[in-house]
Structures are given as C-alpha cells and as structure tokens.
>>> print(open('start.cif').read())   # mmCIF, C-alpha atoms
data_coords
#
loop_
_atom_site.label_atom_id
_atom_site.label_comp_id
_atom_site.auth_asym_id
_atom_site.auth_seq_id
_atom_site.Cartn_x
_atom_site.Cartn_y
_atom_site.Cartn_z
CA MET U 1264 -9.83 -7.36 -18.55
CA ASN U 1265 -12.76 -6.82 -16.24
CA ALA U 1266 -14.00 -3.57 -14.76
CA PRO U 1267 -13.32 -3.24 -11.03
CA ARG U 1268 -16.18 -3.78 -8.65
CA PRO U 1269 -17.17 -0.77 -6.60
CA THR U 1270 -15.36 -0.46 -3.30
CA PRO U 1271 -17.56 -2.06 -0.62
CA PRO U 1272 -19.29 0.41 1.70
CA GLY U 1273 -17.10 1.10 4.70
CA SER U 1274 -13.96 -0.21 2.99
CA PRO U 1275 -11.12 1.91 4.35
CA ALA U 1276 -9.30 4.39 2.16
CA LEU U 1277 -5.58 3.80 1.71
CA THR U 1278 -3.45 6.92 2.07
CA ARG U 1279 0.17 7.87 2.60
CA PRO U 1280 1.27 7.93 6.27
CA ASP U 1281 0.78 11.73 6.32
CA GLY U 1282 -2.81 11.35 5.10
CA SER U 1283 -2.16 12.61 1.56
CA PRO U 1284 -3.19 10.56 -1.51
CA VAL U 1285 -1.07 7.59 -2.55
CA ARG U 1286 0.98 8.43 -5.66
CA VAL U 1287 1.10 5.90 -8.49
CA LEU U 1288 2.86 6.00 -11.87
CA VAL U 1289 1.41 3.81 -14.65
CA VAL U 1290 3.87 3.01 -17.44
CA ASP U 1291 2.46 1.29 -20.55
CA ASP U 1292 2.74 2.11 -24.25
CA ASP U 1293 -0.92 1.19 -24.84
CA PRO U 1294 -2.73 4.50 -24.14
CA ASP U 1295 -6.13 2.83 -23.79
CA LEU U 1296 -4.86 0.33 -21.24
CA ALA U 1297 -2.99 3.06 -19.35
CA GLU U 1298 -6.15 5.18 -19.18
CA VAL U 1299 -8.31 2.30 -17.93
CA LEU U 1300 -5.73 1.41 -15.29
CA SER U 1301 -5.29 5.00 -14.14
CA GLY U 1302 -9.07 5.39 -13.90
CA ALA U 1303 -9.31 2.34 -11.63
CA LEU U 1304 -6.55 3.73 -9.42
CA ARG U 1305 -8.04 7.23 -9.27
CA TYR U 1306 -11.25 5.54 -8.13
CA GLN U 1307 -9.26 4.62 -5.00
CA GLY U 1308 -8.64 8.32 -4.38
CA TRP U 1309 -5.01 8.07 -5.48
CA GLN U 1310 -2.92 10.57 -7.44
CA VAL U 1311 -1.98 8.97 -10.78
CA ARG U 1312 0.34 9.87 -13.66
CA THR U 1313 0.87 7.89 -16.87
CA ALA U 1314 3.82 7.44 -19.22
CA GLY U 1315 4.17 5.57 -22.50
CA ASP U 1316 7.92 4.91 -22.60
CA GLY U 1317 10.98 4.69 -20.40
CA ALA U 1318 12.21 8.24 -20.88
CA SER U 1319 8.87 9.85 -20.04
CA ALA U 1320 8.45 7.46 -17.10
CA LEU U 1321 11.68 8.69 -15.53
CA ALA U 1322 10.70 12.32 -16.11
CA ALA U 1323 7.29 11.72 -14.52
CA ALA U 1324 8.89 9.87 -11.59
CA ARG U 1325 11.15 12.82 -10.82
CA GLU U 1326 8.12 15.10 -10.62
CA LEU U 1327 5.66 12.76 -8.90
CA LEU U 1328 8.01 10.79 -6.60
CA PRO U 1329 5.59 7.83 -6.75
CA ASP U 1330 4.92 5.39 -3.94
CA ALA U 1331 4.19 2.65 -6.47
CA VAL U 1332 4.73 2.02 -10.18
CA VAL U 1333 2.69 -0.22 -12.46
CA LEU U 1334 5.30 -1.03 -15.09
CA ASP U 1335 4.94 -2.83 -18.41
CA VAL U 1336 7.90 -5.09 -19.20
CA MET U 1337 7.85 -4.31 -22.95
CA LEU U 1338 8.28 -0.61 -23.81
CA PRO U 1339 9.12 1.02 -27.19
CA ASP U 1340 12.48 2.51 -26.16
CA THR U 1341 13.70 0.02 -23.53
CA ASP U 1342 12.45 -2.72 -21.22
CA GLY U 1343 10.78 -2.37 -17.85
CA PHE U 1344 13.72 -3.91 -16.00
CA ALA U 1345 16.06 -1.14 -17.18
CA VAL U 1346 13.44 1.47 -16.30
CA LEU U 1347 13.16 0.05 -12.79
CA ARG U 1348 16.90 0.26 -12.22
CA SER U 1349 16.76 3.94 -13.17
CA LEU U 1350 13.64 4.50 -11.05
CA HIS U 1351 15.48 3.23 -8.00
CA THR U 1352 17.95 6.10 -8.33
CA VAL U 1353 15.00 8.50 -8.06
CA ARG U 1354 12.86 6.60 -5.50
CA PRO U 1355 14.83 3.71 -3.93
CA ASP U 1356 11.92 2.31 -1.91
CA VAL U 1357 9.23 2.50 -4.61
CA CYS U 1358 6.87 -0.50 -4.89
CA VAL U 1359 6.80 -2.01 -8.38
CA LEU U 1360 4.13 -4.18 -9.96
CA PHE U 1361 5.20 -5.52 -13.36
CA LEU U 1362 2.72 -6.05 -16.19
CA THR U 1363 3.83 -8.78 -18.58
CA ALA U 1364 2.37 -10.69 -21.50
CA ARG U 1365 4.81 -13.47 -20.72
CA ASP U 1366 4.61 -16.01 -17.93
CA ALA U 1367 8.01 -17.67 -18.30
CA VAL U 1368 10.05 -18.43 -15.20
CA GLU U 1369 13.00 -16.43 -16.56
CA ASP U 1370 10.81 -13.31 -16.78
CA ARG U 1371 9.77 -13.66 -13.15
CA ILE U 1372 13.40 -14.13 -12.10
CA ALA U 1373 14.48 -11.08 -14.13
CA GLY U 1374 11.75 -8.98 -12.51
CA ILE U 1375 12.70 -9.99 -8.97
CA THR U 1376 16.42 -9.53 -9.71
CA ALA U 1377 15.73 -6.01 -11.00
CA GLY U 1378 13.94 -5.20 -7.74
CA GLY U 1379 10.30 -5.77 -8.68
CA ASP U 1380 7.85 -6.66 -5.91
CA ASP U 1381 5.11 -8.48 -7.83
CA TYR U 1382 3.76 -9.05 -11.33
CA VAL U 1383 0.50 -9.80 -13.14
CA THR U 1384 0.20 -11.46 -16.52
CA LYS U 1385 -1.94 -9.95 -19.28
CA PRO U 1386 -4.89 -10.20 -19.61
CA PHE U 1387 -5.63 -9.32 -16.01
CA SER U 1388 -8.44 -8.13 -13.77
CA LEU U 1389 -8.35 -4.47 -12.74
CA GLU U 1390 -9.63 -5.51 -9.32
CA GLU U 1391 -6.63 -7.80 -8.93
CA VAL U 1392 -4.17 -5.04 -9.89
CA VAL U 1393 -5.72 -2.67 -7.34
CA ALA U 1394 -5.71 -5.31 -4.62
CA ARG U 1395 -2.08 -6.28 -5.28
CA LEU U 1396 -1.00 -2.65 -5.16
CA ARG U 1397 -2.84 -2.08 -1.88
CA GLY U 1398 -1.15 -5.13 -0.39
CA LEU U 1399 2.31 -4.08 -1.60
CA LEU U 1400 1.93 -0.55 -0.27
CA ARG U 1401 0.73 -1.68 3.14
CA ARG U 1402 3.41 -4.32 3.59
CA ALA U 1403 6.12 -1.84 2.54
CA GLY U 1404 4.82 0.73 5.05
CA MET U 1405 4.26 3.19 2.21
CA ALA U 1406 0.57 3.63 3.04
CA ARG U 1407 -1.91 3.16 5.84
CA GLN U 1408 -5.63 2.54 6.18
CA SER U 1409 -7.92 5.13 7.64
CA ALA U 1410 -9.54 2.36 9.69
CA ASP U 1411 -9.13 -1.34 10.29
CA GLY U 1412 -9.53 -3.24 7.03
CA PRO U 1413 -12.43 -5.61 6.38
CA ARG U 1414 -11.67 -9.05 7.82
CA LEU U 1415 -13.69 -12.23 7.55
CA THR U 1416 -13.25 -14.86 10.26
CA VAL U 1417 -14.65 -18.39 10.33
CA GLY U 1418 -13.08 -20.47 13.08
CA ASP U 1419 -9.31 -20.20 12.67
CA LEU U 1420 -9.64 -19.15 9.01
CA VAL U 1421 -9.11 -15.40 8.48
CA MET U 1422 -9.37 -13.38 5.27
CA ASP U 1423 -8.09 -9.80 5.00
CA GLU U 1424 -10.12 -8.54 2.05
CA ASP U 1425 -8.06 -5.38 1.70
CA ALA U 1426 -4.69 -7.15 1.44
CA ARG U 1427 -6.22 -10.24 -0.21
CA GLU U 1428 -4.45 -12.41 2.34
CA VAL U 1429 -5.80 -15.62 3.84
CA THR U 1430 -4.46 -17.43 6.90
CA ARG U 1431 -5.50 -20.50 8.82
CA ALA U 1432 -4.22 -20.82 12.37
CA GLY U 1433 -1.84 -18.01 11.50
CA GLU U 1434 -0.35 -19.82 8.48
CA LEU U 1435 -0.51 -17.93 5.17
CA ILE U 1436 -2.43 -19.70 2.38
CA GLU U 1437 -1.54 -18.80 -1.21
CA LEU U 1438 -4.61 -18.73 -3.47
CA SER U 1439 -5.21 -18.03 -7.15
CA PRO U 1440 -7.63 -15.16 -7.92
CA THR U 1441 -10.48 -17.61 -8.64
CA GLU U 1442 -9.77 -19.68 -5.53
CA TYR U 1443 -9.76 -16.46 -3.51
CA GLU U 1444 -13.14 -15.33 -4.87
CA LEU U 1445 -14.66 -18.75 -4.21
CA LEU U 1446 -13.38 -18.81 -0.64
CA ARG U 1447 -14.55 -15.24 -0.08
CA PHE U 1448 -18.08 -16.18 -1.16
CA LEU U 1449 -18.06 -19.16 1.21
CA MET U 1450 -16.72 -17.02 4.08
CA HIS U 1451 -19.39 -14.36 3.52
CA ASN U 1452 -21.94 -17.16 3.98
CA PRO U 1453 -20.65 -19.36 6.82
CA ARG U 1454 -22.79 -22.38 7.78
CA ARG U 1455 -25.02 -21.70 4.77
CA VAL U 1456 -25.33 -24.39 2.09
CA LEU U 1457 -24.55 -22.84 -1.31
CA SER U 1458 -25.61 -24.57 -4.52
CA LYS U 1459 -23.35 -24.95 -7.55
CA THR U 1460 -25.63 -22.57 -9.43
CA GLN U 1461 -25.28 -19.90 -6.75
CA ILE U 1462 -21.50 -20.30 -6.74
CA LEU U 1463 -21.24 -20.13 -10.54
CA ASP U 1464 -23.36 -16.99 -10.62
CA ARG U 1465 -21.39 -15.23 -7.88
CA VAL U 1466 -17.81 -16.33 -8.58
CA TRP U 1467 -17.76 -16.69 -12.36
CA SER U 1468 -20.60 -14.22 -13.09
CA TYR U 1469 -21.58 -15.81 -16.39
CA ASP U 1470 -23.19 -18.95 -17.76
CA PHE U 1471 -20.91 -21.99 -17.96
CA GLY U 1472 -23.49 -23.81 -20.05
CA GLY U 1473 -24.27 -26.22 -17.27
CA GLN U 1474 -20.60 -27.07 -16.67
CA ALA U 1475 -21.04 -27.18 -12.92
CA HIS U 1476 -18.04 -29.51 -12.64
CA VAL U 1477 -15.87 -26.38 -12.63
CA VAL U 1478 -17.21 -25.72 -9.11
CA GLU U 1479 -16.27 -29.24 -8.02
CA LEU U 1480 -12.79 -28.71 -9.45
CA TYR U 1481 -12.16 -25.45 -7.59
CA ILE U 1482 -13.67 -26.78 -4.38
CA SER U 1483 -11.11 -29.60 -4.58
CA TYR U 1484 -8.33 -27.03 -5.11
CA LEU U 1485 -9.48 -25.10 -2.03
CA ARG U 1486 -9.68 -28.21 0.11
CA LYS U 1487 -6.06 -29.06 -0.73
CA LYS U 1488 -4.98 -25.62 0.49
CA VAL U 1489 -7.41 -24.81 3.31
CA ASP U 1490 -8.10 -28.27 4.77
CA ALA U 1491 -4.89 -30.17 3.99
CA GLY U 1492 -3.53 -31.75 7.16
CA ARG U 1493 -6.22 -30.03 9.26
CA GLU U 1494 -9.75 -30.66 10.47
CA PRO U 1495 -11.99 -30.00 7.42
CA MET U 1496 -13.99 -26.80 7.09
CA ILE U 1497 -15.35 -27.21 3.55
CA HIS U 1498 -18.12 -29.81 3.41
CA THR U 1499 -20.24 -31.30 0.64
CA VAL U 1500 -23.96 -31.56 1.26
CA ARG U 1501 -25.03 -34.27 -1.15
CA GLY U 1502 -27.58 -33.05 -3.66
CA ALA U 1503 -27.52 -29.49 -2.27
CA GLY U 1504 -24.08 -27.92 -2.56
CA TYR U 1505 -21.24 -26.88 -0.26
CA VAL U 1506 -20.92 -25.28 3.16
CA LEU U 1507 -18.04 -23.69 5.08
CA LYS U 1508 -18.11 -23.97 8.86
CA PRO U 1509 -15.61 -23.94 11.73
CA ALA U 1510 -13.68 -27.15 12.20
CA VAL U 1511 -14.91 -29.54 14.87
CA ARG U 1512 -12.23 -29.88 17.54
#
>>> encode(input="start.cif", output="structure tokens")
Amino acid sequence: MNAPRPTPPGSPALTRPDGSPVRVLVVDDDPDLAEVLSGALRYQGWQVRTAGDGASALAAARELLPDAVVLDVMLPDTDGFAVLRSLHTVRPDVCVLFLTARDAVEDRIAGITAGGDDYVTKPFSLEEVVARLRGLLRRAGMARQSADGPRLTVGDLVMDEDAREVTRAGELIELSPTEYELLRFLMHNPRRVLSKTQILDRVWSYDFGGQAHVVELYISYLRKKVDAGREPMIHTVRGAGYVLKPAVR
C-alpha cells in the first residue's frame, strides 16, 4: 500500500452541498490499516470515524450519519454485506466502497447485490481509494467541488483528474490504475516525446532493472482502449519513445 501523493496545488476541495466536511466511516478490524486510511481521508479535509467490527460500525453510523463508508468484507463478528444492509436502515443513500482480499466474481456480485457502489482489492493504493471515494460522492450528488475540477484535454481526449474519468469524443474509457497513470503522464506532456526511462521513473517510480518492455506492454493496452477504431493519438517515435498528440482529421 502506497502513501498518497500530496493534493496538487489548486485541486478543489470536496465538501458536502452545504459546505461542511464530507463524513466518512472506515470499518476494518486491522487498526493500523484503519488509521492509515483515516489519515489519508482526513488529509482531504473530511470528517472521519473508524470502527473495527459490525456492531461498532452501526453505532458510529448512527452518530456520524456518514456520506460514505469504506467497508471491509471480512469482519470479526459478521461480514461487510450484512453490515451494509443494516447501514442502509440508518443512511439509505450512503456511498459504500468495499475493501476485499478476494477478487472472485461471486464476491463482486454479492457486494453489488447488497448495495455496494464500488470495491478495491487488497493490497491497494491509498491514492486510488481516495480518488474512488471522490468519484462516488460526486456522482451520487453527496458532495460538490469548491471549484471546477482539474481537467486535461488533448484533442477529443478528456481526463477529469478529480473523478479519475477519461472520455474520448464523449465516450467513457475504462482504465486500470496503471493505465490511468500512464495516460495522465502522456496528457500532461502533449506533443512531447517521452522516453521509456522517463515513463518508468514517473509511472512506476522505481527501477525495473532495465525491463523497459513493461512500457511497451502498457502502451499497447492504452492503444487498444484509447485509439481502437479511431484516428490514433499515441505514436511511437523510433529510438526515442512515445508521444501523445491530437488525432489528424
């Protein structure tokens, strides 16, 4: 689990519609993990409570009336799905992000059936958890930005960095966290040729021992999602690297 990057200067605060802090309940029986998560969320200026089991989670929810809950699937006294059903009697419209150590299809189905909005699989990035929560809260109308969110635009490709959403010609593009970070780096540097070394250093942030083919692999993933069936935007500059530029019409 990685520490969250500092919020970029000028990145808008996310608050409740009345301007008060967003309220989040973190439910996990690992006190160290709960503390790290709550610290990352407080860094956003949000009001955060923690609970280590289902019973204390319900008690905290009645007091806090949270806008969002980060909820571990496996708890010592019950499971997260049962907790969510009880939470909905307290706060019917609460946004729920499940934390799970399992990635089986049946777990995802159970979470959606119980009323969950999203999930992340352990181990996870704190930055990803924060970004997913911000997106859930905004889409549910539970929170608003104090100003327009940061948006990157290259041709008809648009990235909303706050919601972590990418569209091309208005069509939503689903990206993995690594694909997203790679595309974000390219979009921050339009028309600039970026070497594999620069991309490895920025996107992966550690030495791959010369395994620059990982960049080629993820560039190919991006092309299949961003350029498929469209005029290409991601180009290879032989011997130099890669460049993102508006499509030629």
>>> atom_distance(input="start.cif", atom1="atom CA of Ala1323 of chain U", atom2="atom CA of Leu1288 of chain U")
7.7 Å
>>> residues_near_point(input="start.cif", point="(13.2, 10.3, -8.6)", cutoff="6 Å", atoms="only C-alpha atoms", output="list in words")
Ala1324, Arg1325, Leu1328, Val1353 and Arg1354 of chain U
>>> atom_distance(input="start.cif", atom1="atom CA of Glu1428 of chain U", atom2="atom CA of Ala1394 of chain U")
10.0 Å
>>> closest_residue(input="start.cif", among="U:Leu1446, U:Val1299, U:Leu1338, U:Ala1314", to="Ser1388 of chain U", atoms="all atoms listed in the file")
U:Val1299
>>> residues_around(input="start.cif", residues="Glu1434 of chain U", least_positions_apart="4", cutoff="12 Å", atoms="all atoms listed in the file", output="list in words")
Asp1419, Leu1420, Val1421, Met1422, Glu1428, Val1429, Thr1430, Lys1488, Val1489 and Arg1493 of chain U
>>> resolve_selection(input="start.cif", expression="the PyMOL selection byres ((chain U and resi 1329) around 6)", output="number ranges by chain")
U: 1286-1287, 1327-1328, 1330-1331
>>> residues_around(input="start.cif", residues="Gly1504 of chain U", least_positions_apart="2", cutoff="9 Å", atoms="all atoms listed in the file", output="list in words")
Val1456, Leu1457, Ser1458, Lys1459, Thr1460, His1498, Thr1499, Val1500, Arg1501, Gly1502 and Val1506 of chain U
>>> resolve_selection(input="start.cif", expression="the PyMOL selection byres ((chain U and resi 1289) around 8)", output="VMD selection string")
chain U and resid 1287 to 1288 1290 to 1291 1297 1300 to 1301 1311 to 1314 1332 to 1334
>>> atom_distance(input="start.cif", atom1="atom CA of Thr1441 of chain U", atom2="atom CA of Met1496 of chain U")
18.6 Å
>>> residues_around(input="start.cif", residues="Gly1343 of chain U", least_positions_apart="6", cutoff="10 Å", atoms="all atoms listed in the file", output="PyMOL selection string")
chain U and resi 1290-1291+1316-1317+1333-1337+1349+1361-1363+1374+1377+1379
>>> resolve_selection(input="start.cif", expression="the PyMOL selection byres ((chain U and resi 1386) around 8)", output="ChimeraX atom specification")
/U:1264,1364,1384-1385,1387-1388
>>> closest_residue(input="start.cif", among="U:Arg1305, U:Arg1402, U:Arg1431, U:Arg1279", to="Gly1492 of chain U", atoms="only C-alpha atoms")
U:Arg1431
>>> closest_residue(input="start.cif", among="U:Lys1508, U:Leu1445, U:Val1393, U:Asp1423", to="Val1477 of chain U", atoms="all atoms listed in the file")
U:Leu1445
>>> closest_residue(input="start.cif", among="U:Pro1339, U:Ile1482, U:Tyr1306, U:Val1359", to="Leu1396 of chain U", atoms="only C-alpha atoms")
U:Val1359
>>> closest_residue(input="start.cif", among="U:Glu1442, U:His1451, U:Val1466, U:Gly1433", to="Tyr1481 of chain U", atoms="only C-alpha atoms")
U:Glu1442
>>> closest_residue(input="start.cif", among="U:Tyr1484, U:Thr1278, U:Cys1358, U:Ala1318", to="Asp1292 of chain U", atoms="all atoms listed in the file")
U:Ala1318
>>> residues_around(input="start.cif", residues="Arg1395 of chain U", least_positions_apart="4", cutoff="8 Å", atoms="only C-alpha atoms", output="PDB file with C-alpha atoms, in the coordinates of the input")
ATOM      1  CA  ASP U1381       5.110  -8.480  -7.830  1.00  0.00           C
ATOM      2  CA  GLU U1391      -6.630  -7.800  -8.930  1.00  0.00           C
ATOM      3  CA  LEU U1399       2.310  -4.080  -1.600  1.00  0.00           C
ATOM      4  CA  ALA U1426      -4.690  -7.150   1.440  1.00  0.00           C
ATOM      5  CA  ARG U1427      -6.220 -10.240  -0.210  1.00  0.00           C
TER       6      ARG U1427
END
>>> axis_aligned_box(input="start.cif", around="segment 1495-1507 of chain U", padding_each_side="6 Å", output="JSON")
{"center_x": -19.8, "center_y": -29.0, "center_z": 1.9, "size_x": 27.6, "size_y": 22.6, "size_z": 23.1}
